[in-house]
$ cat work.pdb   # PDB, C-alpha atoms
ATOM      1  CA  MET A  10    -174.912 -14.518-132.070
ATOM      2  CA  SER A  11    -171.948 -14.318-134.465
ATOM      3  CA  GLY A  12    -169.863 -17.311-135.285
ATOM      4  CA  SER A  13    -166.579 -15.478-134.727
ATOM      5  CA  GLU A  14    -164.272 -17.058-132.208
ATOM      6  CA  VAL A  15    -163.041 -15.169-129.183
ATOM      7  CA  LYS A  16    -159.301 -15.528-128.677
ATOM      8  CA  VAL A  17    -158.194 -15.901-125.087
ATOM      9  CA  THR A  18    -154.668 -14.815-124.257
ATOM     10  CA  ALA A  19    -153.092 -17.130-121.705
ATOM     11  CA  GLU A  20    -151.648 -15.516-118.615
ATOM     12  CA  PRO A  21    -147.895 -16.051-118.227
ATOM     13  CA  SER A  22    -146.967 -18.662-115.657
ATOM     14  CA  LEU A  23    -145.819 -17.720-112.162
ATOM     15  CA  ALA A  24    -142.295 -18.921-112.970
ATOM     16  CA  LEU A  25    -142.143 -16.761-116.084
ATOM     17  CA  ARG A  26    -143.434 -13.716-114.202
ATOM     18  CA  PHE A  27    -140.778 -14.312-111.551
ATOM     19  CA  VAL A  28    -137.947 -14.513-114.101
ATOM     20  CA  ASP A  29    -139.275 -11.444-115.922
ATOM     21  CA  PHE A  30    -139.357  -9.336-112.748
ATOM     22  CA  PRO A  31    -136.771  -6.544-113.283
ATOM     23  CA  LEU A  32    -134.488  -7.320-110.347
ATOM     24  CA  VAL A  33    -134.523 -11.045-111.119
ATOM     25  CA  ALA A  34    -133.787 -10.361-114.798
ATOM     26  CA  LEU A  35    -130.959  -8.080-113.675
ATOM     27  CA  VAL A  36    -129.366 -10.815-111.554
ATOM     28  CA  VAL A  37    -129.756 -13.425-114.298
ATOM     29  CA  ALA A  38    -128.319 -11.117-116.959
ATOM     30  CA  THR A  39    -125.399 -10.079-114.739
ATOM     31  CA  LEU A  40    -124.488 -13.675-113.904
ATOM     32  CA  VAL A  41    -124.697 -14.675-117.565
ATOM     33  CA  PHE A  42    -122.488 -11.765-118.591
ATOM     34  CA  ILE A  43    -119.887 -12.439-115.889
ATOM     35  CA  PHE A  44    -119.783 -16.065-117.044
ATOM     36  CA  VAL A  45    -119.315 -14.914-120.644
ATOM     37  CA  ILE A  46    -116.442 -12.629-119.586
ATOM     38  CA  GLY A  47    -114.764 -15.671-118.058
ATOM     39  CA  ILE A  48    -115.307 -17.698-121.225
ATOM     40  CA  GLY A  49    -113.877 -14.859-123.296
ATOM     41  CA  ASP A  50    -110.763 -14.739-121.111
ATOM     42  CA  LEU A  51    -110.404 -18.525-121.362
ATOM     43  CA  LEU A  52    -110.651 -18.457-125.150
ATOM     44  CA  GLY A  53    -108.195 -15.589-125.274
ATOM     45  CA  ARG A  54    -105.555 -17.609-123.441
ATOM     46  CA  GLN A  55    -105.411 -19.966-126.405
ATOM     47  CA  PHE A  56    -103.467 -17.219-128.229
ATOM     48  CA  ASP A  57    -100.862 -16.657-125.520
ATOM     49  CA  GLY A  58     -98.149 -17.981-127.811
ATOM     50  CA  VAL A  59     -98.953 -15.494-130.573
ATOM     51  CA  ALA A  60     -96.769 -12.392-130.782
ATOM     52  CA  ASP A  61     -98.126  -8.913-130.076
ATOM     53  CA  PRO A  62     -99.981  -6.987-131.406
ATOM     54  CA  LEU A  63    -101.786  -9.832-133.188
ATOM     55  CA  ARG A  64    -102.368 -11.661-129.894
ATOM     56  CA  VAL A  65    -104.077  -8.693-128.240
ATOM     57  CA  CYS A  66    -106.152  -7.971-131.351
ATOM     58  CA  LEU A  67    -107.360 -11.576-131.541
ATOM     59  CA  GLN A  68    -108.120 -11.788-127.824
ATOM     60  CA  ALA A  69    -110.033  -8.517-127.758
ATOM     61  CA  THR A  70    -111.925  -9.224-130.981
ATOM     62  CA  ILE A  71    -113.039 -12.683-129.832
ATOM     63  CA  ALA A  72    -114.143 -11.323-126.463
ATOM     64  CA  ILE A  73    -116.095  -8.439-128.011
ATOM     65  CA  LEU A  74    -117.819 -10.702-130.549
ATOM     66  CA  LEU A  75    -118.732 -13.122-127.759
ATOM     67  CA  TYR A  76    -120.152 -10.348-125.557
ATOM     68  CA  VAL A  77    -122.240  -8.921-128.387
ATOM     69  CA  ALA A  78    -123.477 -12.347-129.499
ATOM     70  CA  VAL A  79    -124.657 -13.297-126.007
ATOM     71  CA  TYR A  80    -126.238  -9.882-125.554
ATOM     72  CA  LYS A  81    -128.116 -10.090-128.876
ATOM     73  CA  LEU A  82    -129.155 -13.736-128.532
ATOM     74  CA  ILE A  83    -129.965 -13.958-124.822
ATOM     75  CA  LEU A  84    -129.880 -10.761-122.786
ATOM     76  CA  VAL A  85    -132.148  -8.677-125.018
ATOM     77  CA  ARG A  86    -134.899 -11.284-124.565
ATOM     78  CA  LEU A  87    -135.006 -11.080-120.779
ATOM     79  CA  GLY A  88    -137.642  -9.145-118.864
ATOM     80  CA  GLU A  89    -141.261  -8.281-119.547
ATOM     81  CA  GLN A  90    -140.319  -5.879-122.342
ATOM     82  CA  PRO A  91    -137.452  -7.292-124.448
ATOM     83  CA  ARG A  92    -135.319  -4.534-125.905
ATOM     84  CA  ASP A  93    -132.211  -4.366-128.062
ATOM     85  CA  ASP A  94    -129.970  -1.389-127.262
ATOM     86  CA  LEU A  95    -127.412  -2.394-129.897
ATOM     87  CA  GLN A  96    -129.518  -2.078-133.018
ATOM     88  CA  LEU A  97    -127.628  -1.421-136.232
ATOM     89  CA  PRO A  98    -129.820   1.426-137.583
ATOM     90  CA  GLY A  99    -128.221   4.642-136.327
ATOM     91  CA  SER A 100    -125.225   2.815-134.869
ATOM     92  CA  GLY A 101    -122.677   4.606-137.048
ATOM     93  CA  ARG A 102    -123.925   8.066-136.100
ATOM     94  CA  GLY A 103    -124.101   7.239-132.390
ATOM     95  CA  LEU A 104    -120.659   5.667-132.334
ATOM     96  CA  PHE A 105    -119.108   8.531-134.307
ATOM     97  CA  LEU A 106    -120.646  11.177-132.046
ATOM     98  CA  GLY A 107    -119.415   9.281-129.002
ATOM     99  CA  LEU A 108    -115.876   9.093-130.360
ATOM    100  CA  LEU A 109    -115.936  12.777-131.316
ATOM    101  CA  ILE A 110    -117.301  14.000-127.987
ATOM    102  CA  GLY A 111    -114.987  11.714-126.010
ATOM    103  CA  PHE A 112    -111.936  12.990-127.875
ATOM    104  CA  ALA A 113    -113.007  16.636-127.551
ATOM    105  CA  LEU A 114    -113.726  16.257-123.852
ATOM    106  CA  ILE A 115    -110.313  14.810-123.001
ATOM    107  CA  ALA A 116    -108.555  17.263-125.331
ATOM    108  CA  ALA A 117    -110.297  20.120-123.522
ATOM    109  CA  SER A 118    -109.285  18.677-120.136
ATOM    110  CA  VAL A 119    -105.653  18.359-121.232
ATOM    111  CA  GLY A 120    -105.734  21.865-122.704
ATOM    112  CA  ALA A 121    -107.088  23.293-119.467
ATOM    113  CA  ALA A 122    -104.446  21.389-117.481
ATOM    114  CA  ALA A 123    -101.732  22.828-119.731
ATOM    115  CA  LEU A 124    -103.065  26.372-119.293
ATOM    116  CA  LEU A 125    -103.047  25.877-115.519
ATOM    117  CA  GLY A 126     -99.454  24.647-115.672
ATOM    118  CA  VAL A 127     -99.991  21.086-114.444
ATOM    119  CA  TYR A 128     -99.517  19.335-117.817
ATOM    120  CA  ARG A 129     -96.464  19.785-120.016
ATOM    121  CA  VAL A 130     -95.287  17.983-123.150
ATOM    122  CA  THR A 131     -91.641  16.973-122.702
ATOM    123  CA  GLY A 132     -90.917  15.109-125.928
ATOM    124  CA  ARG A 133     -92.095  12.868-128.714
ATOM    125  CA  GLY A 134     -93.817   9.616-127.945
ATOM    126  CA  ASP A 135     -94.072   6.501-130.062
ATOM    127  CA  THR A 136     -96.647   4.412-131.864
ATOM    128  CA  SER A 137     -95.278   0.979-130.958
ATOM    129  CA  ARG A 138     -98.293   0.118-128.764
ATOM    130  CA  LEU A 139    -100.914   2.098-130.654
ATOM    131  CA  VAL A 140    -102.800  -0.898-132.053
ATOM    132  CA  ILE A 141    -102.470  -2.877-128.820
ATOM    133  CA  GLU A 142    -103.933  -0.100-126.702
ATOM    134  CA  LEU A 143    -106.662   0.609-129.248
ATOM    135  CA  PHE A 144    -108.017  -2.881-128.601
ATOM    136  CA  GLN A 145    -106.893  -3.444-125.010
ATOM    137  CA  THR A 146    -107.533  -0.044-123.417
ATOM    138  CA  ALA A 147    -110.255   1.459-125.606
ATOM    139  CA  LEU A 148    -112.455  -0.995-127.524
ATOM    140  CA  LEU A 149    -112.560  -3.934-125.106
ATOM    141  CA  PRO A 150    -113.341  -1.947-121.927
ATOM    142  CA  GLY A 151    -115.690   0.325-123.841
ATOM    143  CA  VAL A 152    -117.861  -2.563-125.042
ATOM    144  CA  ARG A 153    -117.591  -4.754-121.932
ATOM    145  CA  GLU A 154    -118.248  -2.080-119.319
ATOM    146  CA  GLU A 155    -121.038  -0.367-121.237
ATOM    147  CA  LEU A 156    -122.849  -3.635-121.866
ATOM    148  CA  LEU A 157    -122.644  -4.409-118.149
ATOM    149  CA  PHE A 158    -123.293  -1.000-116.585
ATOM    150  CA  ARG A 159    -125.681   0.592-119.061
ATOM    151  CA  GLY A 160    -126.959  -2.408-121.065
ATOM    152  CA  ILE A 161    -127.744  -4.556-118.017
ATOM    153  CA  LEU A 162    -127.586  -2.696-114.696
ATOM    154  CA  PHE A 163    -129.028   0.644-115.841
ATOM    155  CA  ARG A 164    -131.715  -0.989-117.945
ATOM    156  CA  TRP A 165    -133.284  -3.120-115.230
ATOM    157  CA  ILE A 166    -132.686  -0.789-112.311
ATOM    158  CA  GLU A 167    -134.488   1.833-114.366
ATOM    159  CA  THR A 168    -137.348  -0.556-115.136
ATOM    160  CA  PHE A 169    -137.752  -1.220-111.413
ATOM    161  CA  GLY A 170    -136.839   2.049-109.725
ATOM    162  CA  GLY A 171    -136.933   4.653-112.500
ATOM    163  CA  SER A 172    -134.312   6.661-114.364
ATOM    164  CA  TRP A 173    -132.990   8.658-111.405
ATOM    165  CA  ALA A 174    -132.396   5.562-109.300
ATOM    166  CA  ALA A 175    -130.662   3.866-112.230
ATOM    167  CA  LEU A 176    -128.416   6.873-112.833
ATOM    168  CA  ALA A 177    -127.463   7.125-109.148
ATOM    169  CA  VAL A 178    -126.853   3.418-108.538
ATOM    170  CA  THR A 179    -124.878   2.732-111.728
ATOM    171  CA  SER A 180    -122.768   5.855-111.189
ATOM    172  CA  ILE A 181    -121.871   4.770-107.649
ATOM    173  CA  LEU A 182    -121.086   1.214-108.741
ATOM    174  CA  PHE A 183    -118.982   2.459-111.653
ATOM    175  CA  GLY A 184    -116.955   4.622-109.297
ATOM    176  CA  LEU A 185    -116.502   1.787-106.793
ATOM    177  CA  LEU A 186    -115.283  -0.527-109.562
ATOM    178  CA  HIS A 187    -112.318   1.786-110.113
ATOM    179  CA  ILE A 188    -111.221   1.783-106.452
ATOM    180  CA  PHE A 189    -109.254  -1.377-107.274
ATOM    181  CA  ASN A 190    -107.187   0.368-109.974
ATOM    182  CA  PRO A 191    -103.537   1.308-109.364
ATOM    183  CA  ASP A 192    -103.103   4.523-107.323
ATOM    184  CA  ALA A 193    -106.847   4.829-106.832
ATOM    185  CA  THR A 194    -108.221   6.837-103.930
ATOM    186  CA  TRP A 195    -111.706   7.451-102.624
ATOM    187  CA  PHE A 196    -111.576  10.855-104.322
ATOM    188  CA  SER A 197    -110.673   9.293-107.684
ATOM    189  CA  SER A 198    -113.608   6.883-107.327
ATOM    190  CA  PHE A 199    -115.868   9.802-106.425
ATOM    191  CA  CYS A 200    -114.724  11.616-109.576
ATOM    192  CA  ILE A 201    -115.330   8.553-111.755
ATOM    193  CA  ALA A 202    -118.780   8.063-110.226
ATOM    194  CA  VAL A 203    -119.823  11.667-110.856
ATOM    195  CA  GLU A 204    -118.106  12.599-114.118
ATOM    196  CA  ALA A 205    -118.207   9.270-115.964
ATOM    197  CA  GLY A 206    -121.345   7.929-114.291
ATOM    198  CA  ILE A 207    -123.420  10.962-115.246
ATOM    199  CA  LEU A 208    -121.761  11.340-118.669
ATOM    200  CA  LEU A 209    -122.253   7.731-119.771
ATOM    201  CA  GLY A 210    -125.576   7.278-117.993
ATOM    202  CA  GLY A 211    -126.859  10.548-119.456
ATOM    203  CA  ALA A 212    -125.772   9.477-122.941
ATOM    204  CA  TYR A 213    -127.734   6.246-122.538
ATOM    205  CA  MET A 214    -130.808   8.037-121.149
ATOM    206  CA  LEU A 215    -130.800  10.434-124.095
ATOM    207  CA  THR A 216    -130.263   7.987-126.955
ATOM    208  CA  ARG A 217    -131.717   4.780-125.473
ATOM    209  CA  ASN A 218    -128.939   2.795-127.119
ATOM    210  CA  LEU A 219    -125.381   1.825-126.221
ATOM    211  CA  TRP A 220    -123.525   3.198-129.234
ATOM    212  CA  LEU A 221    -122.984   6.720-127.891
ATOM    213  CA  PRO A 222    -121.750   5.514-124.453
ATOM    214  CA  ILE A 223    -119.445   2.941-126.074
ATOM    215  CA  GLY A 224    -117.935   5.590-128.345
ATOM    216  CA  LEU A 225    -117.506   8.006-125.433
ATOM    217  CA  HIS A 226    -115.896   5.380-123.226
ATOM    218  CA  ALA A 227    -113.485   4.113-125.894
ATOM    219  CA  ALA A 228    -112.457   7.603-127.026
ATOM    220  CA  TRP A 229    -111.954   8.755-123.423
ATOM    221  CA  ASN A 230    -109.503   5.928-122.696
ATOM    222  CA  PHE A 231    -107.669   6.078-126.020
ATOM    223  CA  THR A 232    -107.299   9.853-126.101
ATOM    224  CA  GLU A 233    -106.045  10.000-122.522
ATOM    225  CA  GLY A 234    -103.423   7.312-122.855
ATOM    226  CA  GLU A 235    -102.395   6.929-126.470
ATOM    227  CA  VAL A 236    -102.667  10.545-127.592
ATOM    228  CA  PHE A 237    -101.752  12.700-124.593
ATOM    229  CA  ASP A 238     -99.741  10.240-122.431
ATOM    230  CA  VAL A 239    -102.100  10.618-119.471
ATOM    231  CA  PRO A 240    -102.519   7.654-117.077
ATOM    232  CA  VAL A 241    -105.821   5.904-117.794
ATOM    233  CA  SER A 242    -107.470   5.417-114.410
ATOM    234  CA  GLY A 243    -104.132   4.581-112.813
ATOM    235  CA  TYR A 244    -102.617   2.645-115.701
ATOM    236  CA  ASP A 245     -99.585   4.336-117.247
ATOM    237  CA  GLU A 246     -99.648   4.461-121.042
ATOM    238  CA  HIS A 247     -97.297   5.516-123.861
ATOM    239  CA  GLY A 248     -98.798   8.290-125.948
ATOM    240  CA  LEU A 249     -97.951  10.061-129.167
ATOM    241  CA  VAL A 250     -96.180  12.574-126.926
ATOM    242  CA  GLN A 251     -94.261  12.281-123.670
ATOM    243  CA  ALA A 252     -95.871  14.363-120.960
ATOM    244  CA  HIS A 253     -95.175  15.372-117.380
ATOM    245  CA  PHE A 254     -97.609  16.351-114.637
ATOM    246  CA  SER A 255     -96.767  18.665-111.778
ATOM    247  CA  GLY A 256     -98.526  20.940-109.328
ATOM    248  CA  PRO A 257    -101.560  20.300-107.107
ATOM    249  CA  VAL A 258    -102.928  16.769-107.306
ATOM    250  CA  ILE A 259    -106.442  18.199-107.217
ATOM    251  CA  LEU A 260    -105.722  19.625-110.682
ATOM    252  CA  SER A 261    -103.365  17.013-112.159
ATOM    253  CA  GLY A 262    -105.084  13.946-110.764
ATOM    254  CA  GLY A 263    -101.701  12.587-109.678
ATOM    255  CA  PRO A 264    -100.650   9.112-110.827
ATOM    256  CA  PHE A 265    -104.292   8.126-111.334
ATOM    257  CA  GLY A 266    -104.590  10.588-114.223
ATOM    258  CA  LEU A 267    -106.908  13.413-115.201
ATOM    259  CA  ALA A 268    -109.964  11.335-114.345
ATOM    260  CA  ALA A 269    -109.189  12.259-110.718
ATOM    261  CA  SER A 270    -108.715  15.943-111.550
ATOM    262  CA  LEU A 271    -111.090  18.757-110.679
ATOM    263  CA  ILE A 272    -110.719  19.869-114.302
ATOM    264  CA  THR A 273    -112.202  16.716-115.793
ATOM    265  CA  LEU A 274    -114.719  16.446-112.975
ATOM    266  CA  ILE A 275    -116.172  19.826-113.943
ATOM    267  CA  LEU A 276    -116.004  19.427-117.733
ATOM    268  CA  ALA A 277    -117.271  15.842-118.016
ATOM    269  CA  THR A 278    -120.018  16.362-115.435
ATOM    270  CA  ALA A 279    -121.188  19.455-117.304
ATOM    271  CA  VAL A 280    -121.481  17.505-120.573
ATOM    272  CA  GLY A 281    -123.241  14.680-118.743
ATOM    273  CA  LEU A 282    -125.748  17.097-117.210
ATOM    274  CA  VAL A 283    -126.454  18.475-120.691
ATOM    275  CA  PHE A 284    -127.301  14.924-121.829
ATOM    276  CA  VAL A 285    -129.563  14.436-118.809
ATOM    277  CA  ALA A 286    -131.298  17.793-119.358
ATOM    278  CA  MET A 287    -131.911  16.916-123.000
ATOM    279  CA  ALA A 288    -133.353  13.543-121.954
ATOM    280  CA  VAL A 289    -135.701  15.329-119.527
ATOM    281  CA  ARG A 290    -136.851  17.802-122.192
ATOM    282  CA  GLN A 291    -137.499  14.969-124.645
ATOM    283  CA  GLY A 292    -139.577  13.051-122.117
ATOM    284  CA  LYS A 293    -137.203  10.121-121.847
ATOM    285  CA  ILE A 294    -137.237   9.853-118.056
ATOM    286  CA  GLN A 295    -138.866   6.643-116.853
ATOM    287  CA  PRO A 296    -140.760   6.525-113.529
ATOM    288  CA  PRO A 297    -140.497   3.600-111.062
ATOM    289  CA  MET A 298    -142.575   0.559-111.938
ATOM    290  CA  TRP A 299    -144.934   1.046-108.992
ATOM    291  CA  ARG A 300    -145.887   4.486-110.294
ATOM    292  CA  VAL A 301    -146.423   3.058-113.771
ATOM    293  CA  GLN A 302    -148.668   0.320-112.357
ATOM    294  CA  ARG A 303    -150.596   2.797-110.206
ATOM    295  CA  GLY A 304    -151.299   5.000-113.230
ATOM    296  CA  ALA A 305    -152.399   2.066-115.378
TER
END
$ encode --input "work.pdb" --output "structure tokens"
Amino acid sequence: MSGSEVKVTAEPSLALRFVDFPLVALVVATLVFIFVIGIGDLLGRQFDGVADPLRVCLQATIAILLYVAVYKLILVRLGEQPRDDLQLPGSGRGLFLGLLIGFALIAASVGAAALLGVYRVTGRGDTSRLVIELFQTALLPGVREELLFRGILFRWIETFGGSWAALAVTSILFGLLHIFNPDATWFSSFCIAVEAGILLGGAYMLTRNLWLPIGLHAAWNFTEGEVFDVPVSGYDEHGLVQAHFSGPVILSGGPFGLAASLITLILATAVGLVFVAMAVRQGKIQPPMWRVQRGA
């Protein structure tokens, strides 16, 4: 008999297994993140006396740094398989591709709207709110919403129910979130759920990190509002040009903007489906946990 010692790995406690269960981890992570959003807003109010655009830049920067810090220090450690979807290696490429694709997608939607006669440039815009909207409309929502919807909800719904369930549920929830926006309709929420849900969810499925979805989301918002003067999900913006929409609402999106247009619905969904197809071909689709356990 050899004198080597046999190492016994202790089973995790019942409490730890409960907390690590995907749906429990999802609830914990969501509550933590909502609390952090509140803290970020509270800290931001300390700069209410500072003049714009410095005030908005400070508020957005503090909030973003707080979100990322809590994600990196706490949220990535939750669950049976801790994972960091905001790793620095490859971040520049993913973010750049997201910004490029987001800009090209909205530019193509605006171009198609112009060809169909529903979008027309009427004059020059201004750059007085360019920096403000860069932080307030593009960067802050891009980071906050992608951390919540893809970094938390998609991640643990996928771990529990598989990739298809995660894509469907997060897309529906993302669309419903926008029903509270100005001039929103059930059709606009349907469009957001399909076009943006599949686009951003597909980008996450393909890359398995948040940099591409964040870049897409930020570029989408900024290009719509600050470049082409298109309402951003119901919020009127001041772009580099002054533009006017006319014609059928199904094409123009009405006061909600091109996100509620059949044009963007077709183009963005097509790009999203390409991401999903690429993820399928590369074997990045995850089955539900009960199928994983059954095959073990």
$ atom_distance --input "work.pdb" --atom1 "atom CA of A:Tyr128" --atom2 "atom CA of A:Ser261"
7.2 Å
$ residues_around --input "work.pdb" --residues "stretch 91-108 of chain A" --least-positions-apart "3" --cutoff "10 Å" --atoms "all atoms listed in the file" --output "PDB file with C-alpha atoms, keeping the file's coordinate frame"
ATOM      1  CA  ASP A  29    -139.275 -11.444-115.922  1.00  0.00           C
ATOM      2  CA  VAL A  77    -122.240  -8.921-128.387  1.00  0.00           C
ATOM      3  CA  TYR A  80    -126.238  -9.882-125.554  1.00  0.00           C
ATOM      4  CA  LYS A  81    -128.116 -10.090-128.876  1.00  0.00           C
ATOM      5  CA  LEU A  82    -129.155 -13.736-128.532  1.00  0.00           C
ATOM      6  CA  LEU A  84    -129.880 -10.761-122.786  1.00  0.00           C
ATOM      7  CA  VAL A  85    -132.148  -8.677-125.018  1.00  0.00           C
ATOM      8  CA  ARG A  86    -134.899 -11.284-124.565  1.00  0.00           C
ATOM      9  CA  LEU A  87    -135.006 -11.080-120.779  1.00  0.00           C
ATOM     10  CA  GLY A  88    -137.642  -9.145-118.864  1.00  0.00           C
ATOM     11  CA  GLY A 111    -114.987  11.714-126.010  1.00  0.00           C
ATOM     12  CA  PHE A 112    -111.936  12.990-127.875  1.00  0.00           C
ATOM     13  CA  ALA A 113    -113.007  16.636-127.551  1.00  0.00           C
ATOM     14  CA  LEU A 114    -113.726  16.257-123.852  1.00  0.00           C
ATOM     15  CA  LEU A 156    -122.849  -3.635-121.866  1.00  0.00           C
ATOM     16  CA  ARG A 159    -125.681   0.592-119.061  1.00  0.00           C
ATOM     17  CA  GLY A 160    -126.959  -2.408-121.065  1.00  0.00           C
ATOM     18  CA  ARG A 164    -131.715  -0.989-117.945  1.00  0.00           C
ATOM     19  CA  LEU A 209    -122.253   7.731-119.771  1.00  0.00           C
ATOM     20  CA  ALA A 212    -125.772   9.477-122.941  1.00  0.00           C
ATOM     21  CA  TYR A 213    -127.734   6.246-122.538  1.00  0.00           C
ATOM     22  CA  THR A 216    -130.263   7.987-126.955  1.00  0.00           C
ATOM     23  CA  ARG A 217    -131.717   4.780-125.473  1.00  0.00           C
ATOM     24  CA  ASN A 218    -128.939   2.795-127.119  1.00  0.00           C
ATOM     25  CA  LEU A 219    -125.381   1.825-126.221  1.00  0.00           C
ATOM     26  CA  TRP A 220    -123.525   3.198-129.234  1.00  0.00           C
ATOM     27  CA  LEU A 221    -122.984   6.720-127.891  1.00  0.00           C
ATOM     28  CA  PRO A 222    -121.750   5.514-124.453  1.00  0.00           C
ATOM     29  CA  ILE A 223    -119.445   2.941-126.074  1.00  0.00           C
ATOM     30  CA  GLY A 224    -117.935   5.590-128.345  1.00  0.00           C
ATOM     31  CA  LEU A 225    -117.506   8.006-125.433  1.00  0.00           C
ATOM     32  CA  HIS A 226    -115.896   5.380-123.226  1.00  0.00           C
ATOM     33  CA  ALA A 227    -113.485   4.113-125.894  1.00  0.00           C
ATOM     34  CA  ALA A 228    -112.457   7.603-127.026  1.00  0.00           C
ATOM     35  CA  TRP A 229    -111.954   8.755-123.423  1.00  0.00           C
ATOM     36  CA  PHE A 231    -107.669   6.078-126.020  1.00  0.00           C
ATOM     37  CA  THR A 232    -107.299   9.853-126.101  1.00  0.00           C
TER      38      THR A 232
END
$ closest_residue --input "work.pdb" --among "A:Pro150, A:Pro297, A:Gly126, A:Gly243" --to "A:Ala268" --atoms "only C-alpha atoms"
A:Gly243
$ atom_distance --input "work.pdb" --atom1 "atom CA of A:Gly151" --atom2 "atom CA of A:Ala252"
24.5 Å
$ atom_distance --input "work.pdb" --atom1 "atom CA of A:Val289" --atom2 "atom CA of A:Ala174"
14.5 Å
$ resolve_selection --input "work.pdb" --expression "the PyMOL selection byres ((chain A and resi 239) around 12)" --output "ChimeraX atom specification"
/A:115-116,118-119,122,127-130,134,229-238,240-254,261-270
$ write_last_selection --input "work.pdb" --atoms "C-alpha atoms" --output "CSV table (one decimal), in the coordinates of the input"
chain,number,residue,atom,x,y,z
A,115,ILE,CA,-110.3,14.8,-123.0
A,116,ALA,CA,-108.6,17.3,-125.3
A,118,SER,CA,-109.3,18.7,-120.1
A,119,VAL,CA,-105.7,18.4,-121.2
A,122,ALA,CA,-104.4,21.4,-117.5
A,127,VAL,CA,-100.0,21.1,-114.4
A,128,TYR,CA,-99.5,19.3,-117.8
A,129,ARG,CA,-96.5,19.8,-120.0
A,130,VAL,CA,-95.3,18.0,-123.2
A,134,GLY,CA,-93.8,9.6,-127.9
A,229,TRP,CA,-112.0,8.8,-123.4
A,230,ASN,CA,-109.5,5.9,-122.7
A,231,PHE,CA,-107.7,6.1,-126.0
A,232,THR,CA,-107.3,9.9,-126.1
A,233,GLU,CA,-106.0,10.0,-122.5
A,234,GLY,CA,-103.4,7.3,-122.9
A,235,GLU,CA,-102.4,6.9,-126.5
A,236,VAL,CA,-102.7,10.5,-127.6
A,237,PHE,CA,-101.8,12.7,-124.6
A,238,ASP,CA,-99.7,10.2,-122.4
A,240,PRO,CA,-102.5,7.7,-117.1
A,241,VAL,CA,-105.8,5.9,-117.8
A,242,SER,CA,-107.5,5.4,-114.4
A,243,GLY,CA,-104.1,4.6,-112.8
A,244,TYR,CA,-102.6,2.6,-115.7
A,245,ASP,CA,-99.6,4.3,-117.2
A,246,GLU,CA,-99.6,4.5,-121.0
A,247,HIS,CA,-97.3,5.5,-123.9
A,248,GLY,CA,-98.8,8.3,-125.9
A,249,LEU,CA,-98.0,10.1,-129.2
A,250,VAL,CA,-96.2,12.6,-126.9
A,251,GLN,CA,-94.3,12.3,-123.7
A,252,ALA,CA,-95.9,14.4,-121.0
A,253,HIS,CA,-95.2,15.4,-117.4
A,254,PHE,CA,-97.6,16.4,-114.6
A,261,SER,CA,-103.4,17.0,-112.2
A,262,GLY,CA,-105.1,13.9,-110.8
A,263,GLY,CA,-101.7,12.6,-109.7
A,264,PRO,CA,-100.6,9.1,-110.8
A,265,PHE,CA,-104.3,8.1,-111.3
A,266,GLY,CA,-104.6,10.6,-114.2
A,267,LEU,CA,-106.9,13.4,-115.2
A,268,ALA,CA,-110.0,11.3,-114.3
A,269,ALA,CA,-109.2,12.3,-110.7
A,270,SER,CA,-108.7,15.9,-111.6
$ resolve_selection --input "work.pdb" --expression "the PyMOL selection byres ((chain A and resi 182) around 12)" --output "PDB file with C-alpha atoms, in the frame of the given file"
ATOM      1  CA  GLU A 154    -118.248  -2.080-119.319  1.00  0.00           C
ATOM      2  CA  LEU A 157    -122.644  -4.409-118.149  1.00  0.00           C
ATOM      3  CA  PHE A 158    -123.293  -1.000-116.585  1.00  0.00           C
ATOM      4  CA  ARG A 159    -125.681   0.592-119.061  1.00  0.00           C
ATOM      5  CA  LEU A 162    -127.586  -2.696-114.696  1.00  0.00           C
ATOM      6  CA  PHE A 163    -129.028   0.644-115.841  1.00  0.00           C
ATOM      7  CA  ALA A 175    -130.662   3.866-112.230  1.00  0.00           C
ATOM      8  CA  LEU A 176    -128.416   6.873-112.833  1.00  0.00           C
ATOM      9  CA  ALA A 177    -127.463   7.125-109.148  1.00  0.00           C
ATOM     10  CA  VAL A 178    -126.853   3.418-108.538  1.00  0.00           C
ATOM     11  CA  THR A 179    -124.878   2.732-111.728  1.00  0.00           C
ATOM     12  CA  SER A 180    -122.768   5.855-111.189  1.00  0.00           C
ATOM     13  CA  ILE A 181    -121.871   4.770-107.649  1.00  0.00           C
ATOM     14  CA  PHE A 183    -118.982   2.459-111.653  1.00  0.00           C
ATOM     15  CA  GLY A 184    -116.955   4.622-109.297  1.00  0.00           C
ATOM     16  CA  LEU A 185    -116.502   1.787-106.793  1.00  0.00           C
ATOM     17  CA  LEU A 186    -115.283  -0.527-109.562  1.00  0.00           C
ATOM     18  CA  HIS A 187    -112.318   1.786-110.113  1.00  0.00           C
ATOM     19  CA  ILE A 188    -111.221   1.783-106.452  1.00  0.00           C
ATOM     20  CA  SER A 198    -113.608   6.883-107.327  1.00  0.00           C
ATOM     21  CA  PHE A 199    -115.868   9.802-106.425  1.00  0.00           C
ATOM     22  CA  ILE A 201    -115.330   8.553-111.755  1.00  0.00           C
ATOM     23  CA  ALA A 202    -118.780   8.063-110.226  1.00  0.00           C
ATOM     24  CA  VAL A 203    -119.823  11.667-110.856  1.00  0.00           C
ATOM     25  CA  ALA A 205    -118.207   9.270-115.964  1.00  0.00           C
ATOM     26  CA  GLY A 206    -121.345   7.929-114.291  1.00  0.00           C
ATOM     27  CA  ILE A 207    -123.420  10.962-115.246  1.00  0.00           C
ATOM     28  CA  GLY A 210    -125.576   7.278-117.993  1.00  0.00           C
TER      29      GLY A 210
END
$ closest_residue --input "work.pdb" --among "A:Leu124, A:Gly170, A:Cys66, A:Ile71" --to "A:Thr146" --atoms "all atoms listed in the file"
A:Cys66
$ closest_residue --input "work.pdb" --among "A:Val33, A:Ala69, A:Leu25, A:Val283" --to "A:Arg153" --atoms "only C-alpha atoms"
A:Ala69
